[in-house]
file target.pdb (PDB, C-alpha atoms)
MODEL        1
ATOM      1  CA  MET A   1       0.000   0.000   0.000  1.00  0.00           C
ATOM      2  CA  ARG A   2       1.342   3.388  -1.001  1.00  0.00           C
ATOM      3  CA  PRO A   3       1.517   6.078   1.743  1.00  0.00           C
ATOM      4  CA  SER A   4      -0.999   8.854   1.320  1.00  0.00           C
ATOM      5  CA  ASN A   5      -0.074  12.463   0.728  1.00  0.00           C
ATOM      6  CA  ASN A   6      -1.147  13.102   4.310  1.00  0.00           C
ATOM      7  CA  SER A   7       1.934  11.294   5.682  1.00  0.00           C
ATOM      8  CA  LYS A   8       4.183  14.175   4.566  1.00  0.00           C
ATOM      9  CA  PHE A   9       1.658  16.593   6.018  1.00  0.00           C
ATOM     10  CA  ASP A  10       1.512  14.645   9.288  1.00  0.00           C
ATOM     11  CA  LYS A  11       5.317  14.553   9.578  1.00  0.00           C
ATOM     12  CA  SER A  12       5.624  18.315   9.118  1.00  0.00           C
ATOM     13  CA  LYS A  13       2.846  18.889  11.676  1.00  0.00           C
ATOM     14  CA  PHE A  14       4.572  16.529  14.092  1.00  0.00           C
ATOM     15  CA  ARG A  15       7.850  18.431  13.678  1.00  0.00           C
ATOM     16  CA  LEU A  16       6.117  21.736  14.439  1.00  0.00           C
ATOM     17  CA  VAL A  17       4.412  20.339  17.544  1.00  0.00           C
ATOM     18  CA  LYS A  18       7.666  18.711  18.655  1.00  0.00           C
ATOM     19  CA  ARG A  19       9.454  22.061  18.209  1.00  0.00           C
ATOM     20  CA  LEU A  20       6.781  23.868  20.230  1.00  0.00           C
ATOM     21  CA  TYR A  21       7.002  21.450  23.179  1.00  0.00           C
ATOM     22  CA  PHE A  22      10.798  21.235  23.047  1.00  0.00           C
ATOM     23  CA  ILE A  23      11.094  25.031  23.254  1.00  0.00           C
ATOM     24  CA  ALA A  24       8.574  25.079  26.108  1.00  0.00           C
ATOM     25  CA  TRP A  25      10.543  22.410  27.986  1.00  0.00           C
ATOM     26  CA  VAL A  26      13.872  24.249  27.522  1.00  0.00           C
ATOM     27  CA  ILE A  27      12.352  27.535  28.729  1.00  0.00           C
ATOM     28  CA  TRP A  28      10.675  25.889  31.722  1.00  0.00           C
ATOM     29  CA  LEU A  29      13.846  24.002  32.661  1.00  0.00           C
ATOM     30  CA  THR A  30      16.057  27.100  32.291  1.00  0.00           C
ATOM     31  CA  ASP A  31      13.591  29.180  34.296  1.00  0.00           C
ATOM     32  CA  PHE A  32      13.443  26.538  37.043  1.00  0.00           C
ATOM     33  CA  ALA A  33      17.231  26.206  37.214  1.00  0.00           C
ATOM     34  CA  THR A  34      17.858  29.960  37.326  1.00  0.00           C
ATOM     35  CA  LYS A  35      15.180  30.504  39.984  1.00  0.00           C
ATOM     36  CA  SER A  36      16.757  27.745  42.087  1.00  0.00           C
ATOM     37  CA  TRP A  37      20.129  29.455  41.637  1.00  0.00           C
ATOM     38  CA  ALA A  38      18.612  32.813  42.624  1.00  0.00           C
ATOM     39  CA  LEU A  39      17.006  31.389  45.759  1.00  0.00           C
ATOM     40  CA  ASN A  40      20.294  29.794  46.838  1.00  0.00           C
ATOM     41  CA  ASN A  41      22.660  32.639  45.941  1.00  0.00           C
ATOM     42  CA  LEU A  42      20.868  35.978  46.119  1.00  0.00           C
ATOM     43  CA  ASP A  43      19.925  38.117  49.089  1.00  0.00           C
ATOM     44  CA  PRO A  44      16.951  40.467  48.586  1.00  0.00           C
ATOM     45  CA  ARG A  45      18.760  43.151  50.615  1.00  0.00           C
ATOM     46  CA  ASP A  46      22.060  42.856  48.742  1.00  0.00           C
ATOM     47  CA  PRO A  47      21.745  42.790  44.924  1.00  0.00           C
ATOM     48  CA  ILE A  48      24.658  41.587  42.827  1.00  0.00           C
ATOM     49  CA  LYS A  49      25.763  44.322  40.438  1.00  0.00           C
ATOM     50  CA  VAL A  50      26.639  42.634  37.165  1.00  0.00           C
ATOM     51  CA  ILE A  51      27.001  45.799  35.066  1.00  0.00           C
ATOM     52  CA  GLY A  52      26.833  48.608  37.630  1.00  0.00           C
ATOM     53  CA  SER A  53      23.233  49.709  38.086  1.00  0.00           C
ATOM     54  CA  ILE A  54      22.339  48.728  34.504  1.00  0.00           C
ATOM     55  CA  LEU A  55      22.045  45.001  35.232  1.00  0.00           C
ATOM     56  CA  GLN A  56      21.676  43.616  38.726  1.00  0.00           C
ATOM     57  CA  PHE A  57      20.561  40.296  40.170  1.00  0.00           C
ATOM     58  CA  THR A  58      18.014  41.008  42.890  1.00  0.00           C
ATOM     59  CA  LEU A  59      15.838  38.376  44.559  1.00  0.00           C
ATOM     60  CA  VAL A  60      12.148  39.326  44.650  1.00  0.00           C
ATOM     61  CA  LYS A  61       9.186  37.126  45.570  1.00  0.00           C
ATOM     62  CA  ASN A  62       6.341  38.593  43.543  1.00  0.00           C
ATOM     63  CA  SER A  63       2.724  37.844  44.440  1.00  0.00           C
ATOM     64  CA  GLY A  64       1.342  39.951  41.593  1.00  0.00           C
ATOM     65  CA  ALA A  65       1.997  40.622  37.934  1.00  0.00           C
ATOM     66  CA  ALA A  66       4.514  43.069  36.425  1.00  0.00           C
ATOM     67  CA  PHE A  67       5.285  46.038  38.694  1.00  0.00           C
ATOM     68  CA  SER A  68       3.658  43.944  41.483  1.00  0.00           C
ATOM     69  CA  PHE A  69       0.301  44.811  39.925  1.00  0.00           C
ATOM     70  CA  ALA A  70      -2.816  43.060  41.311  1.00  0.00           C
ATOM     71  CA  GLN A  71      -1.129  41.317  44.215  1.00  0.00           C
ATOM     72  CA  GLU A  72      -4.482  40.068  45.510  1.00  0.00           C
ATOM     73  CA  ALA A  73      -5.328  38.384  42.183  1.00  0.00           C
ATOM     74  CA  THR A  74      -2.766  35.556  42.278  1.00  0.00           C
ATOM     75  CA  VAL A  75      -5.473  32.870  42.110  1.00  0.00           C
ATOM     76  CA  LEU A  76      -6.984  34.550  39.048  1.00  0.00           C
ATOM     77  CA  PHE A  77      -3.557  34.673  37.344  1.00  0.00           C
ATOM     78  CA  SER A  78      -3.126  30.967  38.078  1.00  0.00           C
ATOM     79  CA  ILE A  79      -6.548  30.023  36.711  1.00  0.00           C
ATOM     80  CA  PHE A  80      -6.023  32.163  33.605  1.00  0.00           C
ATOM     81  CA  ALA A  81      -2.606  30.551  33.069  1.00  0.00           C
ATOM     82  CA  CYS A  82      -4.221  27.092  33.234  1.00  0.00           C
ATOM     83  CA  PHE A  83      -6.714  28.102  30.545  1.00  0.00           C
ATOM     84  CA  VAL A  84      -3.931  29.442  28.309  1.00  0.00           C
ATOM     85  CA  VAL A  85      -1.905  26.230  28.750  1.00  0.00           C
ATOM     86  CA  ALA A  86      -5.010  24.201  27.825  1.00  0.00           C
ATOM     87  CA  ALA A  87      -5.654  26.383  24.764  1.00  0.00           C
ATOM     88  CA  ILE A  88      -2.066  25.977  23.548  1.00  0.00           C
ATOM     89  CA  ALA A  89      -2.271  22.205  24.045  1.00  0.00           C
ATOM     90  CA  TYR A  90      -5.613  22.083  22.185  1.00  0.00           C
ATOM     91  CA  TYR A  91      -4.481  24.171  19.208  1.00  0.00           C
ATOM     92  CA  SER A  92      -0.878  22.917  18.960  1.00  0.00           C
ATOM     93  CA  PRO A  93      -1.701  20.086  16.499  1.00  0.00           C
ATOM     94  CA  ARG A  94      -3.102  22.698  14.089  1.00  0.00           C
ATOM     95  CA  ILE A  95      -0.007  24.942  14.056  1.00  0.00           C
ATOM     96  CA  ASN A  96       1.128  25.451  10.466  1.00  0.00           C
ATOM     97  CA  SER A  97       4.093  27.798  10.860  1.00  0.00           C
ATOM     98  CA  LYS A  98       7.574  27.432  12.370  1.00  0.00           C
ATOM     99  CA  GLY A  99       7.334  30.984  13.672  1.00  0.00           C
ATOM    100  CA  TRP A 100       4.088  30.325  15.508  1.00  0.00           C
ATOM    101  CA  ALA A 101       5.485  27.075  16.907  1.00  0.00           C
ATOM    102  CA  VAL A 102       8.322  29.141  18.391  1.00  0.00           C
ATOM    103  CA  VAL A 103       5.879  31.756  19.714  1.00  0.00           C
ATOM    104  CA  LEU A 104       3.695  29.175  21.413  1.00  0.00           C
ATOM    105  CA  GLY A 105       6.703  27.258  22.723  1.00  0.00           C
ATOM    106  CA  LEU A 106       8.136  30.401  24.303  1.00  0.00           C
ATOM    107  CA  ALA A 107       4.755  31.388  25.713  1.00  0.00           C
ATOM    108  CA  LEU A 108       4.009  27.900  27.046  1.00  0.00           C
ATOM    109  CA  GLY A 109       7.439  27.586  28.679  1.00  0.00           C
ATOM    110  CA  GLY A 110       7.119  31.013  30.284  1.00  0.00           C
ATOM    111  CA  ILE A 111       3.593  30.421  31.486  1.00  0.00           C
ATOM    112  CA  LEU A 112       4.517  27.031  32.943  1.00  0.00           C
ATOM    113  CA  GLY A 113       7.572  28.546  34.646  1.00  0.00           C
ATOM    114  CA  ASN A 114       5.541  31.158  36.483  1.00  0.00           C
ATOM    115  CA  LEU A 115       2.586  28.817  37.036  1.00  0.00           C
ATOM    116  CA  SER A 116       4.931  26.299  38.685  1.00  0.00           C
ATOM    117  CA  ASP A 117       5.877  29.008  41.183  1.00  0.00           C
ATOM    118  CA  ARG A 118       2.245  29.900  41.826  1.00  0.00           C
ATOM    119  CA  ILE A 119       1.355  26.241  42.411  1.00  0.00           C
ATOM    120  CA  PHE A 120       4.342  24.984  44.404  1.00  0.00           C
ATOM    121  CA  ARG A 121       5.838  27.957  46.257  1.00  0.00           C
ATOM    122  CA  ALA A 122       4.726  29.669  49.478  1.00  0.00           C
ATOM    123  CA  PRO A 123       2.285  30.811  50.621  1.00  0.00           C
ATOM    124  CA  GLY A 124       0.276  27.995  48.995  1.00  0.00           C
ATOM    125  CA  PHE A 125      -1.457  26.292  46.070  1.00  0.00           C
ATOM    126  CA  PHE A 126      -2.318  28.786  43.279  1.00  0.00           C
ATOM    127  CA  THR A 127      -1.178  31.653  45.538  1.00  0.00           C
ATOM    128  CA  GLY A 128       2.585  31.091  45.470  1.00  0.00           C
ATOM    129  CA  HIS A 129       4.958  33.950  44.829  1.00  0.00           C
ATOM    130  CA  VAL A 130       6.862  34.040  41.541  1.00  0.00           C
ATOM    131  CA  ILE A 131      10.641  34.246  41.894  1.00  0.00           C
ATOM    132  CA  ASP A 132      12.028  37.241  39.991  1.00  0.00           C
ATOM    133  CA  TRP A 133      15.731  38.055  39.954  1.00  0.00           C
ATOM    134  CA  ILE A 134      16.859  40.075  36.909  1.00  0.00           C
ATOM    135  CA  GLU A 135      16.785  43.834  37.419  1.00  0.00           C
ATOM    136  CA  LEU A 136      17.185  46.608  34.853  1.00  0.00           C
ATOM    137  CA  PRO A 137      16.782  50.330  35.574  1.00  0.00           C
ATOM    138  CA  ASN A 138      13.200  51.641  35.448  1.00  0.00           C
ATOM    139  CA  TRP A 139      11.821  48.168  34.835  1.00  0.00           C
ATOM    140  CA  PRO A 140      10.246  45.579  37.139  1.00  0.00           C
ATOM    141  CA  VAL A 141      12.444  42.734  38.351  1.00  0.00           C
ATOM    142  CA  PHE A 142      11.772  39.730  36.096  1.00  0.00           C
ATOM    143  CA  ASN A 143      12.852  36.172  35.300  1.00  0.00           C
ATOM    144  CA  ILE A 144      13.498  33.895  32.303  1.00  0.00           C
ATOM    145  CA  ALA A 145       9.807  32.943  32.055  1.00  0.00           C
ATOM    146  CA  ASP A 146       8.802  36.602  31.827  1.00  0.00           C
ATOM    147  CA  SER A 147      11.453  37.176  29.157  1.00  0.00           C
ATOM    148  CA  ALA A 148      10.172  34.238  27.094  1.00  0.00           C
ATOM    149  CA  ILE A 149       6.604  35.551  27.259  1.00  0.00           C
ATOM    150  CA  VAL A 150       7.697  39.037  26.146  1.00  0.00           C
ATOM    151  CA  VAL A 151       9.802  37.651  23.277  1.00  0.00           C
ATOM    152  CA  ALA A 152       6.840  35.473  22.246  1.00  0.00           C
ATOM    153  CA  ALA A 153       4.593  38.537  22.190  1.00  0.00           C
ATOM    154  CA  VAL A 154       7.051  40.513  20.039  1.00  0.00           C
ATOM    155  CA  ILE A 155       7.414  37.655  17.542  1.00  0.00           C
ATOM    156  CA  ALA A 156       3.610  37.219  17.487  1.00  0.00           C
ATOM    157  CA  VAL A 157       3.188  40.888  16.568  1.00  0.00           C
ATOM    158  CA  VAL A 158       5.750  40.562  13.759  1.00  0.00           C
ATOM    159  CA  LEU A 159       4.078  37.401  12.411  1.00  0.00           C
ATOM    160  CA  SER A 160       0.669  39.066  12.594  1.00  0.00           C
ATOM    161  CA  ILE A 161       1.919  42.128  10.720  1.00  0.00           C
ATOM    162  CA  LYS A 162       3.324  39.776   8.071  1.00  0.00           C
ATOM    163  CA  ASN A 163      -0.112  38.084   7.985  1.00  0.00           C
ATOM    164  CA  VAL A 164       1.277  34.641   8.908  1.00  0.00           C
ATOM    165  CA  SER A 165      -1.600  32.486  10.090  1.00  0.00           C
ATOM    166  CA  PRO A 166      -0.933  30.556  13.322  1.00  0.00           C
ATOM    167  CA  ILE A 167      -3.262  27.626  12.626  1.00  0.00           C
ATOM    168  CA  GLU A 168      -4.964  26.039   9.691  1.00  0.00           C
ATOM    169  CA  PRO A 169      -8.696  26.644   9.400  1.00  0.00           C
ATOM    170  CA  ILE A 170     -10.658  23.746  10.855  1.00  0.00           C
ATOM    171  CA  ASN A 171     -13.085  23.356   7.948  1.00  0.00           C
ATOM    172  CA  ILE A 172     -10.706  23.163   4.952  1.00  0.00           C
ATOM    173  CA  GLU A 173     -11.673  19.589   4.002  1.00  0.00           C
ATOM    174  CA  LYS A 174     -15.382  20.141   4.663  1.00  0.00           C
ATOM    175  CA  LYS A 175     -15.349  23.287   2.503  1.00  0.00           C
ATOM    176  CA  GLU A 176     -13.502  21.523  -0.352  1.00  0.00           C
ATOM    177  CA  ASN A 177     -15.853  18.524  -0.179  1.00  0.00           C
ATOM    178  CA  SER A 178     -18.955  20.757  -0.237  1.00  0.00           C
ATOM    179  CA  GLU A 179     -17.624  22.612  -3.304  1.00  0.00           C
ATOM    180  CA  GLU A 180     -17.115  19.292  -5.148  1.00  0.00           C
ATOM    181  CA  ALA A 181     -20.689  18.163  -4.484  1.00  0.00           C
TER     182      ALA A 181
ENDMDL
END

call {"tool": "encode", "arguments": {"input": "target.pdb", "output": "structure tokens"}}
result
Amino acid sequence: MRPSNNSKFDKSKFRLVKRLYFIAWVIWLTDFATKSWALNNLDPRDPIKVIGSILQFTLVKNSGAAFSFAQEATVLFSIFACFVVAAIAYYSPRINSKGWAVVLGLALGGILGNLSDRIFRAPGFFTGHVIDWIELPNWPVFNIADSAIVVAAVIAVVLSIKNVSPIEPINIEKKENSEEA
């Protein structure tokens, strides 16, 4: 039996999904490792000056979002993050672009990095504080997960401006079949 034309299609889809989840895993693992390093080596009262005041490593336990915004909404951030993770998992098999696979991989890795903190760190389940440790002037202290999410957003804007579709339409075959009838 000769393989169908879909086997090439399925292999390329599999590669895109594999790329997405590999990027997410690398981001999550890097974020986890650097946060562990920060917890073991940084003192919140004594930042390490890497490049004077331009780049410092400062340990911060953040209960809110950027700029410590909405500190009382940690549970809502956690629930929203779970929905975004589920949406990425649901739509990932329909990704049809390397660029969007990278975007979703970066976003998924970043979201999982911060969600892991919210789930497993004090003060408790879905209310844990996110470990931030990279400080730039006039910018909130952040971490690798935050960086991945921001880079994903920038790439998503560029892809959108270039009109690169993230997923294939769900009804392509149905539409083609109805036109043939």

call {"tool": "atom_distance", "arguments": {"input": "target.pdb", "atom1": "CA of Gly110 (chain A)", "atom2": "CA of Asp31 (chain A)"}}
result
7.8 Å

call {"tool": "closest_residue", "arguments": {"input": "target.pdb", "among": "A:Tyr21, A:Phe14, A:Trp28, A:Phe77", "to": "Ser147 (chain A)", "atoms": "all atoms listed in the file"}}
result
A:Trp28

call {"tool": "residues_around", "arguments": {"input": "target.pdb", "residues": "Leu55 (chain A)", "least_positions_apart": "4", "cutoff": "7 Å", "atoms": "all atoms listed in the file", "output": "list in words"}}
result
Lys49, Val50, Ile51, Glu135 and Leu136 of chain A

call {"tool": "atom_distance", "arguments": {"input": "target.pdb", "atom1": "CA of Phe83 (chain A)", "atom2": "CA of Ile134 (chain A)"}}
result
27.2 Å

call {"tool": "residues_around", "arguments": {"input": "target.pdb", "residues": "region 88-98 of chain A", "least_positions_apart": "3", "cutoff": "12 Å", "atoms": "all atoms listed in the file", "output": "ChimeraX atom specification"}}
result
/A:9-21,23-24,81-85,101-109,111-112,155-156,159-160,163-172

call {"tool": "atom_distance", "arguments": {"input": "target.pdb", "atom1": "CA of Ile149 (chain A)", "atom2": "CA of Gly113 (chain A)"}}
result
10.2 Å

call {"tool": "closest_residue", "arguments": {"input": "target.pdb", "among": "A:Gly99, A:Ser116, A:Arg45, A:Val141", "to": "Val154 (chain A)", "atoms": "all atoms listed in the file"}}
result
A:Gly99

call {"tool": "resolve_selection", "arguments": {"input": "target.pdb", "expression": "the PyMOL selection byres ((chain A and resi 117) around 12)", "output": "PDB file with C-alpha atoms, in the coordinates of the input"}}
result
ATOM      1  CA  TRP A  28      10.675  25.889  31.722  1.00  0.00           C
ATOM      2  CA  ASP A  31      13.591  29.180  34.296  1.00  0.00           C
ATOM      3  CA  PHE A  32      13.443  26.538  37.043  1.00  0.00           C
ATOM      4  CA  LYS A  35      15.180  30.504  39.984  1.00  0.00           C
ATOM      5  CA  SER A  36      16.757  27.745  42.087  1.00  0.00           C
ATOM      6  CA  LYS A  61       9.186  37.126  45.570  1.00  0.00           C
ATOM      7  CA  ASN A  62       6.341  38.593  43.543  1.00  0.00           C
ATOM      8  CA  SER A  63       2.724  37.844  44.440  1.00  0.00           C
ATOM      9  CA  GLY A  64       1.342  39.951  41.593  1.00  0.00           C
ATOM     10  CA  THR A  74      -2.766  35.556  42.278  1.00  0.00           C
ATOM     11  CA  PHE A  77      -3.557  34.673  37.344  1.00  0.00           C
ATOM     12  CA  SER A  78      -3.126  30.967  38.078  1.00  0.00           C
ATOM     13  CA  ALA A  81      -2.606  30.551  33.069  1.00  0.00           C
ATOM     14  CA  GLY A 110       7.119  31.013  30.284  1.00  0.00           C
ATOM     15  CA  ILE A 111       3.593  30.421  31.486  1.00  0.00           C
ATOM     16  CA  LEU A 112       4.517  27.031  32.943  1.00  0.00           C
ATOM     17  CA  GLY A 113       7.572  28.546  34.646  1.00  0.00           C
ATOM     18  CA  ASN A 114       5.541  31.158  36.483  1.00  0.00           C
ATOM     19  CA  LEU A 115       2.586  28.817  37.036  1.00  0.00           C
ATOM     20  CA  SER A 116       4.931  26.299  38.685  1.00  0.00           C
ATOM     21  CA  ARG A 118       2.245  29.900  41.826  1.00  0.00           C
ATOM     22  CA  ILE A 119       1.355  26.241  42.411  1.00  0.00           C
ATOM     23  CA  PHE A 120       4.342  24.984  44.404  1.00  0.00           C
ATOM     24  CA  ARG A 121       5.838  27.957  46.257  1.00  0.00           C
ATOM     25  CA  ALA A 122       4.726  29.669  49.478  1.00  0.00           C
ATOM     26  CA  PRO A 123       2.285  30.811  50.621  1.00  0.00           C
ATOM     27  CA  GLY A 124       0.276  27.995  48.995  1.00  0.00           C
ATOM     28  CA  PHE A 125      -1.457  26.292  46.070  1.00  0.00           C
ATOM     29  CA  PHE A 126      -2.318  28.786  43.279  1.00  0.00           C
ATOM     30  CA  THR A 127      -1.178  31.653  45.538  1.00  0.00           C
ATOM     31  CA  GLY A 128       2.585  31.091  45.470  1.00  0.00           C
ATOM     32  CA  HIS A 129       4.958  33.950  44.829  1.00  0.00           C
ATOM     33  CA  VAL A 130       6.862  34.040  41.541  1.00  0.00           C
ATOM     34  CA  ILE A 131      10.641  34.246  41.894  1.00  0.00           C
ATOM     35  CA  ASP A 132      12.028  37.241  39.991  1.00  0.00           C
ATOM     36  CA  ASN A 143      12.852  36.172  35.300  1.00  0.00           C
ATOM     37  CA  ALA A 145       9.807  32.943  32.055  1.00  0.00           C
TER      38      ALA A 145
END
